[in-house]
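K.L.:
This is structure.txt (compact mmCIF, C-alpha atoms).
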```txt
# COMPACT_ATOMS: atom_id res chain seq x y z
CA MET A 17 -6.34 14.21 1.10
CA GLU A 18 -7.00 10.88 -0.59
CA LEU A 19 -8.40 8.10 1.59
CA GLY A 20 -8.15 4.42 0.80
CA LEU A 21 -7.64 0.82 1.81
CA TYR A 22 -5.06 -1.87 1.25
CA THR A 23 -4.86 -5.57 1.98
CA PHE A 24 -2.76 -8.69 1.35
CA ALA A 25 -5.85 -10.93 0.94
CA ASP A 26 -5.29 -13.15 3.99
CA VAL A 27 -6.47 -16.78 3.80
CA SER A 28 -6.79 -19.61 6.32
CA LEU A 29 -3.85 -21.91 6.94
CA ASP A 30 -6.13 -24.84 7.75
CA ASN A 31 -9.32 -26.32 6.36
CA GLY A 32 -11.37 -26.29 9.55
CA PRO A 33 -14.83 -24.78 10.05
CA GLY A 34 -14.98 -21.20 8.84
CA ALA A 35 -11.79 -21.50 6.80
CA ILE A 36 -11.32 -18.89 4.07
CA THR A 37 -9.92 -20.46 0.90
CA PRO A 38 -8.03 -18.47 -1.74
CA HIS A 39 -11.06 -18.82 -4.04
CA GLN A 40 -13.43 -17.37 -1.45
CA ARG A 41 -11.02 -14.65 -0.37
CA LEU A 42 -10.55 -13.35 -3.89
CA ARG A 43 -14.32 -13.38 -4.51
CA ASN A 44 -14.81 -11.43 -1.29
CA LEU A 45 -12.06 -9.06 -2.34
CA MET A 46 -13.94 -8.10 -5.50
CA GLU A 47 -16.96 -7.13 -3.38
CA GLU A 48 -14.78 -5.12 -1.01
CA ILE A 49 -13.16 -3.11 -3.80
CA ALA A 50 -16.53 -2.52 -5.47
CA LEU A 51 -17.99 -1.26 -2.19
CA ALA A 52 -14.98 0.98 -1.55
CA ASP A 53 -15.62 2.55 -4.95
CA GLN A 54 -19.35 2.94 -4.28
CA VAL A 55 -18.86 4.71 -0.95
CA GLY A 56 -16.42 7.18 -2.44
CA LEU A 57 -13.01 6.03 -1.27
CA ASP A 58 -10.14 7.13 -3.47
CA VAL A 59 -7.63 4.26 -3.55
CA PHE A 60 -7.49 0.48 -3.12
CA GLY A 61 -4.14 -1.29 -2.81
CA LEU A 62 -3.29 -4.98 -2.98
CA GLY A 63 0.08 -6.24 -1.73
CA GLU A 64 2.21 -8.91 -3.41
CA HIS A 65 3.19 -11.88 -1.23
CA HIS A 66 4.34 -15.42 -1.97
CA ARG A 67 3.23 -17.21 1.20
CA PRO A 68 0.49 -19.69 2.05
CA ASP A 69 -1.29 -17.16 4.30
CA TYR A 70 -1.97 -14.70 1.46
CA ALA A 71 -3.80 -15.05 -1.87
CA ALA A 72 -2.25 -12.05 -3.62
CA SER A 73 0.87 -13.29 -5.38
CA ALA A 74 -0.32 -11.57 -8.59
CA PRO A 75 -2.01 -8.32 -7.49
CA VAL A 76 -2.35 -6.87 -10.98
CA VAL A 77 -4.58 -9.79 -12.06
CA ALA A 78 -7.00 -9.20 -9.18
CA LEU A 79 -6.89 -5.44 -9.72
CA ALA A 80 -7.74 -5.95 -13.40
CA ALA A 81 -10.81 -7.94 -12.38
CA ALA A 82 -11.74 -5.15 -9.98
CA ALA A 83 -11.31 -2.56 -12.73
CA GLU A 84 -14.34 -4.03 -14.50
CA ARG A 85 -16.47 -3.66 -11.35
CA THR A 86 -15.45 -0.11 -10.44
CA LYS A 87 -15.66 3.35 -11.98
CA ARG A 88 -13.58 5.86 -10.04
CA ILE A 89 -11.31 4.33 -7.43
CA LYS A 90 -7.55 4.19 -8.09
CA LEU A 91 -6.09 0.68 -8.19
CA THR A 92 -2.54 0.16 -6.93
CA SER A 93 -0.18 -2.53 -5.79
CA ALA A 94 0.81 -2.31 -2.13
CA VAL A 95 3.51 -3.31 -2.92
CA THR A 96 5.01 -4.72 -6.10
CA VAL A 97 8.21 -6.52 -5.04
CA LEU A 98 10.23 -5.01 -7.86
CA SER A 99 13.51 -6.59 -6.71
CA SER A 100 12.38 -10.08 -7.73
CA ASP A 101 10.36 -9.13 -10.80
CA ASP A 102 11.08 -8.10 -14.38
CA PRO A 103 10.61 -4.31 -14.78
CA VAL A 104 9.50 -4.72 -18.40
CA ARG A 105 6.73 -7.12 -17.44
CA VAL A 106 5.73 -4.98 -14.46
CA PHE A 107 5.37 -1.97 -16.74
CA GLN A 108 3.41 -3.92 -19.36
CA GLN A 109 1.06 -5.43 -16.80
CA PHE A 110 0.26 -2.15 -15.08
CA SER A 111 -0.09 -0.39 -18.44
CA THR A 112 -2.68 -3.01 -19.34
CA LEU A 113 -4.46 -2.41 -16.03
CA ASP A 114 -4.34 1.32 -16.74
CA LEU A 115 -5.99 0.81 -20.12
CA LEU A 116 -8.69 -1.45 -18.69
CA SER A 117 -9.46 0.99 -15.88
CA GLY A 118 -9.35 4.15 -17.98
CA GLY A 119 -6.33 5.62 -16.22
CA ARG A 120 -6.70 4.44 -12.62
CA ALA A 121 -3.63 2.22 -12.24
CA GLU A 122 -0.63 2.92 -10.04
CA ILE A 123 2.50 1.02 -9.06
CA MET A 124 3.69 1.09 -5.46
CA ALA A 125 7.19 -0.35 -5.76
CA GLY A 126 9.15 -1.69 -2.82
CA ARG A 127 11.73 -4.21 -1.72
CA GLY A 128 9.13 -6.20 0.22
CA SER A 129 8.87 -7.04 3.90
CA PHE A 130 9.10 -10.80 3.26
CA ILE A 131 11.84 -12.67 1.40
CA GLU A 132 10.03 -15.66 -0.16
CA SER A 133 10.07 -14.21 -3.67
CA PHE A 134 13.89 -14.01 -3.79
CA PRO A 135 14.68 -17.77 -3.75
CA LEU A 136 11.44 -18.49 -5.62
CA PHE A 137 12.61 -16.48 -8.63
CA GLY A 138 16.33 -17.24 -8.30
CA TYR A 139 17.65 -14.08 -6.65
CA GLN A 140 20.18 -13.72 -3.84
CA LEU A 141 19.37 -11.86 -0.64
CA ASP A 142 22.92 -10.50 -0.70
CA ASP A 143 21.74 -8.40 -3.67
CA TYR A 144 18.73 -7.01 -1.77
CA ASP A 145 19.71 -3.35 -2.25
CA THR A 146 21.29 -3.43 -5.70
CA LEU A 147 18.41 -5.44 -7.19
CA PHE A 148 15.89 -2.77 -6.28
CA ALA A 149 18.02 0.19 -7.31
CA GLU A 150 18.85 -1.21 -10.75
CA LYS A 151 15.34 -2.42 -11.54
CA LEU A 152 13.76 0.82 -10.36
CA GLU A 153 16.05 2.78 -12.69
CA LEU A 154 14.95 0.60 -15.61
CA LEU A 155 11.26 0.87 -14.67
CA LEU A 156 11.49 4.66 -14.67
CA LYS A 157 13.21 4.61 -18.06
CA LEU A 158 10.42 2.42 -19.45
CA ARG A 159 7.88 4.98 -18.28
CA GLU A 160 9.64 7.84 -20.07
CA SER A 161 9.90 6.49 -23.60
CA GLU A 162 8.11 4.08 -25.93
CA ARG A 163 11.42 2.82 -27.29
CA VAL A 164 14.07 1.89 -24.77
CA SER A 165 17.81 1.40 -24.88
CA TRP A 166 19.38 0.00 -21.73
CA PRO A 167 23.00 -1.01 -21.24
CA GLY A 168 22.15 -3.91 -18.98
CA GLY A 169 23.57 -4.49 -15.55
CA LYS A 170 24.21 -7.08 -12.91
CA HIS A 171 20.51 -7.95 -12.66
CA THR A 172 18.96 -6.86 -15.98
CA PRO A 173 19.71 -7.72 -19.62
CA ARG A 174 20.72 -5.28 -22.33
CA ILE A 175 17.89 -3.71 -24.38
CA ASP A 176 18.72 -2.25 -27.80
CA ASN A 177 16.15 0.34 -28.90
CA ARG A 178 13.15 -1.90 -28.41
CA GLY A 179 9.53 -0.77 -28.16
CA VAL A 180 7.66 -1.68 -24.96
CA TYR A 181 3.88 -2.07 -25.31
CA PRO A 182 1.16 -1.35 -24.52
CA ARG A 183 1.62 2.22 -23.39
CA PRO A 184 -0.62 3.24 -20.48
CA PHE A 185 -3.81 5.28 -20.68
CA GLN A 186 -2.23 7.97 -18.50
CA GLU A 187 0.59 10.02 -19.95
CA ARG A 188 2.81 8.96 -17.04
CA LEU A 189 1.99 5.84 -15.08
CA PRO A 190 2.22 6.83 -11.37
CA ILE A 191 5.07 5.06 -9.56
CA TRP A 192 5.25 5.38 -5.78
CA ILE A 193 8.08 4.18 -3.57
CA ALA A 194 6.97 2.24 -0.49
CA VAL A 195 9.26 2.19 2.54
CA GLY A 196 9.15 0.77 6.03
CA GLY A 197 11.25 3.41 7.74
CA THR A 198 14.76 3.06 6.28
CA PRO A 199 16.27 6.57 5.89
CA ASN A 200 18.27 5.62 2.79
CA SER A 201 15.11 4.43 1.04
CA VAL A 202 13.30 7.62 2.00
CA ALA A 203 16.14 9.79 0.68
CA ARG A 204 16.30 7.80 -2.58
CA ALA A 205 12.62 8.49 -3.26
CA GLY A 206 13.24 12.19 -2.70
CA VAL A 207 16.28 12.29 -4.98
CA LEU A 208 14.29 10.57 -7.73
CA GLY A 209 11.30 12.90 -7.25
CA LEU A 210 8.90 10.00 -6.69
CA PRO A 211 5.88 9.99 -4.34
CA LEU A 212 6.53 8.24 -1.02
CA ALA A 213 4.36 5.79 0.95
CA LEU A 214 5.47 5.15 4.53
CA ALA A 215 4.20 2.04 6.35
CA ILE A 216 3.68 2.56 10.09
CA ILE A 217 2.61 -0.57 11.96
CA GLY A 218 4.07 0.02 15.42
CA GLY A 219 5.34 2.61 17.86
CA GLU A 220 4.19 6.22 17.86
CA PRO A 221 3.54 7.48 14.31
CA ALA A 222 4.73 10.99 15.20
CA ARG A 223 8.25 9.59 15.61
CA PHE A 224 8.29 8.88 11.85
CA ALA A 225 7.66 12.54 10.90
CA PRO A 226 11.39 13.32 10.52
CA LEU A 227 11.49 10.80 7.65
CA PHE A 228 9.15 13.01 5.65
CA ASP A 229 11.41 15.96 6.47
CA LEU A 230 14.38 13.96 5.17
CA TYR A 231 12.42 13.05 2.03
CA ARG A 232 11.53 16.65 1.26
CA GLN A 233 15.08 17.86 1.95
CA ALA A 234 16.53 15.22 -0.37
CA ALA A 235 14.02 16.15 -3.07
CA SER A 236 14.84 19.83 -2.76
CA ARG A 237 18.60 19.21 -2.98
CA ALA A 238 18.01 17.15 -6.14
CA GLY A 239 16.12 20.03 -7.76
CA HIS A 240 12.56 18.80 -7.20
CA ASP A 241 9.78 20.91 -5.72
CA PRO A 242 8.83 19.13 -2.46
CA ALA A 243 5.38 20.70 -2.57
CA ALA A 244 4.69 18.84 -5.83
CA LEU A 245 5.56 15.41 -4.39
CA ALA A 246 2.81 13.30 -2.86
CA THR A 247 3.19 11.41 0.42
CA SER A 248 1.13 8.69 2.09
CA ILE A 249 1.02 6.97 5.45
CA ASN A 250 -0.15 3.33 5.40
CA VAL A 251 -1.40 1.97 8.73
CA HIS A 252 -3.45 -0.73 10.44
CA GLY A 253 -6.93 0.00 11.76
CA PHE A 254 -10.63 -0.72 11.79
CA VAL A 255 -13.89 1.24 11.92
CA GLY A 256 -16.89 0.07 13.93
CA GLU A 257 -20.19 1.58 14.93
CA THR A 258 -18.85 1.77 18.50
CA THR A 259 -15.35 1.90 19.91
CA GLU A 260 -15.80 -1.39 21.75
CA GLN A 261 -17.15 -3.21 18.71
CA ALA A 262 -14.30 -1.99 16.50
CA ALA A 263 -11.67 -3.08 19.03
CA ASP A 264 -13.26 -6.47 19.67
CA ASP A 265 -13.70 -7.23 15.96
CA PHE A 266 -10.16 -6.23 15.02
CA TYR A 267 -8.06 -7.48 17.92
CA LEU A 268 -8.10 -11.26 17.44
CA PRO A 269 -7.45 -11.36 13.65
CA GLN A 270 -4.76 -8.68 13.85
CA ALA A 271 -3.09 -10.23 16.91
CA GLU A 272 -3.02 -13.68 15.29
CA VAL A 273 -1.20 -12.29 12.26
CA MET A 274 1.25 -10.17 14.25
CA ASN A 275 2.06 -13.05 16.60
CA ARG A 276 2.55 -15.46 13.70
CA ILE A 277 4.93 -13.08 11.96
CA GLY A 278 6.54 -12.27 15.30
CA ARG A 279 7.41 -15.92 15.87
CA GLU A 280 9.18 -15.95 12.49
CA ARG A 281 11.13 -12.78 13.25
CA GLY A 282 11.79 -13.12 16.94
CA TRP A 283 9.35 -10.49 18.20
CA GLY A 284 7.69 -10.88 21.56
CA PRO A 285 3.98 -11.77 21.62
CA THR A 286 1.37 -9.04 21.57
CA SER A 287 -1.49 -8.77 24.09
CA ARG A 288 -4.85 -7.05 24.46
CA ALA A 289 -3.22 -4.51 26.79
CA HIS A 290 -0.60 -3.68 24.16
CA PHE A 291 -3.32 -3.51 21.50
CA ASP A 292 -5.40 -1.11 23.59
CA GLN A 293 -2.37 1.09 24.19
CA SER A 294 -1.63 1.13 20.46
CA ARG A 295 -5.12 2.43 19.66
CA SER A 296 -4.69 5.43 21.95
CA PRO A 297 -4.47 8.87 20.25
CA SER A 298 -0.68 8.63 19.99
CA GLY A 299 -0.52 4.93 19.01
CA ALA A 300 -0.11 3.31 15.59
CA LEU A 301 -3.53 1.59 15.39
CA PHE A 302 -6.44 3.60 13.95
CA VAL A 303 -9.27 1.68 15.63
CA GLY A 304 -12.56 3.07 16.87
CA ASN A 305 -15.90 4.55 15.93
CA PRO A 306 -16.07 6.81 12.85
CA GLU A 307 -15.57 10.04 14.78
CA GLU A 308 -12.54 8.67 16.65
CA VAL A 309 -10.86 7.31 13.55
CA ALA A 310 -11.52 10.52 11.63
CA GLU A 311 -10.13 12.62 14.47
CA LYS A 312 -6.96 10.52 14.57
CA ILE A 313 -6.48 10.71 10.79
CA VAL A 314 -6.83 14.49 10.88
CA ALA A 315 -4.46 14.79 13.86
CA HIS A 316 -1.77 12.82 12.04
CA HIS A 317 -2.34 14.78 8.85
CA ARG A 318 -1.36 17.87 10.84
CA ILE A 319 1.86 16.09 11.85
CA PHE A 320 2.83 14.63 8.45
CA GLY A 321 1.18 16.90 5.90
CA ASN A 322 0.44 13.72 3.94
CA ASP A 323 -1.60 13.70 0.74
CA ARG A 324 -2.91 10.15 1.14
CA PHE A 325 -3.96 7.87 3.98
CA LEU A 326 -4.31 4.10 3.44
CA LEU A 327 -5.86 1.83 6.06
CA GLN A 328 -5.32 -1.93 6.28
CA MET A 329 -8.51 -3.28 7.85
CA ALA A 330 -8.53 -6.75 6.28
CA ILE A 331 -5.84 -8.36 8.43
CA GLY A 332 -6.12 -12.04 9.28
CA ILE A 333 -9.38 -13.94 8.94
CA MET A 334 -11.91 -11.15 9.25
CA PRO A 335 -15.61 -12.03 8.74
CA HIS A 336 -16.62 -10.65 5.36
CA ALA A 337 -19.84 -9.04 6.59
CA LYS A 338 -17.99 -7.15 9.33
CA LEU A 339 -15.36 -5.98 6.89
CA MET A 340 -17.99 -4.76 4.43
CA LYS A 341 -19.69 -2.80 7.21
CA ALA A 342 -16.35 -1.27 8.20
CA ILE A 343 -15.69 -0.20 4.60
CA GLU A 344 -19.15 1.37 4.46
CA LEU A 345 -18.49 3.32 7.67
CA TYR A 346 -15.06 4.40 6.44
CA GLY A 347 -16.47 5.78 3.20
CA THR A 348 -19.74 7.28 4.44
CA LYS A 349 -18.84 8.43 7.97
CA VAL A 350 -15.07 8.80 8.36
CA ALA A 351 -14.20 10.21 4.93
CA PRO A 352 -16.64 13.18 5.00
CA ILE A 353 -15.29 14.31 8.38
CA VAL A 354 -11.67 14.02 7.27
CA ARG A 355 -12.27 15.81 3.98
CA ARG A 356 -14.15 18.62 5.67
CA GLU A 357 -11.50 19.11 8.37
CA THR A 358 -8.50 18.92 6.05
CA ALA A 359 -10.14 21.26 3.54
CA ALA A 360 -10.77 23.77 6.32
CA THR A 361 -7.15 23.50 7.44
CA LYS A 362 -5.91 24.04 3.90
CA ALA A 363 -8.19 27.03 3.41
CA SER A 364 -7.01 28.57 6.68
CA ALA A 365 -3.36 28.08 5.73
CA ALA A 366 -3.97 29.68 2.33
CA ALA A 367 -5.65 32.67 3.97
CA ASP A 368 -2.64 33.17 6.25
```
Would you mind giving the structure from this file in structure tokens?
P.N.:
Amino acid sequence: MELGLYTFADVSLDNGPGAITPHQRLRNLMEEIALADQVGLDVFGLGEHHRPDYAASAPVVALAAAAERTKRIKLTSAVTVLSSDDPVRVFQQFSTLDLLSGGRAEIMAGRGSFIESFPLFGYQLDDYDTLFAEKLELLLKLRESERVSWPGGKHTPRIDNRGVYPRPFQERLPIWIAVGGTPNSVARAGVLGLPLALAIIGGEPARFAPLFDLYRQAASRAGHDPAALATSINVHGFVGETTEQAADDFYLPQAEVMNRIGRERGWGPTSRAHFDQSRSPSGALFVGNPEEVAEKIVAHHRIFGNDRFLLQMAIGIMPHAKLMKAIELYGTKVAPIVRRETAATKASAAAD
């Protein structure tokens, strides 16, 4: 199973003492990705947002900078808001990243959990579903052929046998579909035979397992081999040297973000009691010492059968030194346990 990280590159909303500016956050981000590569993590994702609290409105630019500081780690968006972007430019940009990185680029395409990019780029929220469906179809067509003919549609212009360059380093640029739990989105990924990334940020993760069943059933009905399709769960969490230190370091930054977003969306406020409940073995937060986090990852791998696990540790204004230590622990302590346990499980299943 691949293990990795993702972030939205949070920045401070004020200029008080200890504020993290976009300049500083992006410089810190380069060090985080380089360290993730050095300690043997498999994937690093950067999510696209168009808000003052995040510095990653152009993830592919930051990932290209990281490509020059890394050797092995895969570099992906998390996500690319395809609905409000131009599929041709998305393909060209990630093909360029793929060339720079020697074949380590991926696209994680989604509709986005925030709506700021729609009015910013002149799109209507009434077209939320059709925008994504049409642009995803075009993106997949661009991946298949150097020269493209496209009839055009409600949201995309006609293309008459035009070449799209550069072509990626990989024969087929990986395109994942990212979902937040909508069954129709899950089924669409299965029908298209695309790998699926499921974000789980609340509730009991086990309750989401039927979505992977739906995904595999839809893939099978469409003629795809479900065993050949990759799946990922993307969650919040943090690794510390002790359980108490991990919880104390992660709670305040994560709670500040969740409460801020909650006020926008009408959620009730979170609390330390709710946080502590969520980091229990059945909760959605993967917070604890290396052994605890590894045990929880392995336990949920048994539930989901997922091929990838991505952890969002950099939530809110997290001190850079603490985050770097957490990445080190994730790569050097958590990952070896998870890889050993999942390999043993796979070997046992093969023997049976």
K.L.:
Between A:Pro269, A:Gly256, A:Pro242, A:Gly118, which residue has the minimum interatomic distance to Arg288 (chain A), considering all atoms listed in the file?
P.N.:
A:Pro269
K.L.:
CA of Gly63 (chain A) and CA of Leu208 (chain A) are how many Å apart?
P.N.:
22.8 Å
K.L.:
Rank A:Ser298, A:Thr92, A:Thr198, A:Ser28 by their smallest atom-to-atom distance to Ile319 (chain A), using all atoms listed in the file, and report the top residue only.
P.N.:
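Nearest candidate to Ile319 (chain A) out of A:Ser298, A:Thr92, A:Thr198, A:Ser28: A:Ser298.
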K.L.:
Would you mind telling me which residue in A:Ala222, A:Ile193, A:Ile249, A:Leu147 lies nearest to Asp101 (chain A) when using all atoms listed in the file?
P.N.:
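Using all atoms listed in the file, Asp101 (chain A) sits closest to A:Leu147.
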K.L.:
Between A:Met334, A:Val55, A:Leu189, A:Val95, which has the minimum distance to Thr112 (chain A) (counting all atoms listed in the file)?
P.N.:
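Comparing A:Met334, A:Val55, A:Leu189, A:Val95 against Thr112 (chain A), the winner is A:Leu189.
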K.L.:
Between A:Ser99, A:Asn275, A:Glu257, A:Phe320, single out the one closest to Ala342 (chain A), counting only C-alpha atoms.
P.N.:
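Residue with the minimum atom-to-atom distance to Ala342 (chain A): A:Glu257.
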K.L.:
Just give me the gap between CA of Val273 (chain A) and CA of Gly138 (chain A) in Å, one decimal is fine.
P.N.:
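Going from CA of Val273 (chain A) over to CA of Gly138 (chain A), I get 27.5 Å.
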K.L.:
Tell me, as JSON, numbers by chain, which residues lie within 6 Å of Ser165 (chain A), counting all atoms listed in the file; anything in the same chain fewer than 5 positions away does not count.
P.N.:
{"A": [175, 176, 177]}
K.L.:
Using all atoms listed in the file, find the one residue out of A:Lys90, A:Arg324, A:His336, A:His65 that sits nearest to Phe134 (chain A).
P.N.:
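Among the listed residues, the smallest separation from Phe134 (chain A) belongs to A:His65.
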K.L.:
For CA of Ile353 (chain A) and CA of Met46 (chain A), quote the distance in Å rounded to one decimal.
P.N.:
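About the pair CA of Ile353 (chain A) and CA of Met46 (chain A): they are 26.4 Å apart.
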K.L.:
Per residue of region 269-291 of chain A within 12 Å of region 215-218 of chain A, what are the shortest atom pair and its distance in Å to one decimal, counting all atoms listed in the file, with rows by chain and residue number, as a tab-separated table?
P.N.:
```
residue	atom	partner	partner_atom	distance
A:Gln270	CA	A:Ile217	CA	11.1
A:Met274	CA	A:Ile217	CA	10.0
A:Thr286	CA	A:Gly218	CA	11.3
A:His290	CA	A:Gly218	CA	10.6
A:Phe291	CA	A:Gly218	CA	10.2
```
K.L.:
Up to 12 Å from (7.3, 2.7, 10.8) in the file's coordinates: name the residues, counting all atoms listed in the file, as a VMD selection string.
P.N.:
chain A and resid 194 to 199 202 213 to 228 249 to 252 299 to 301
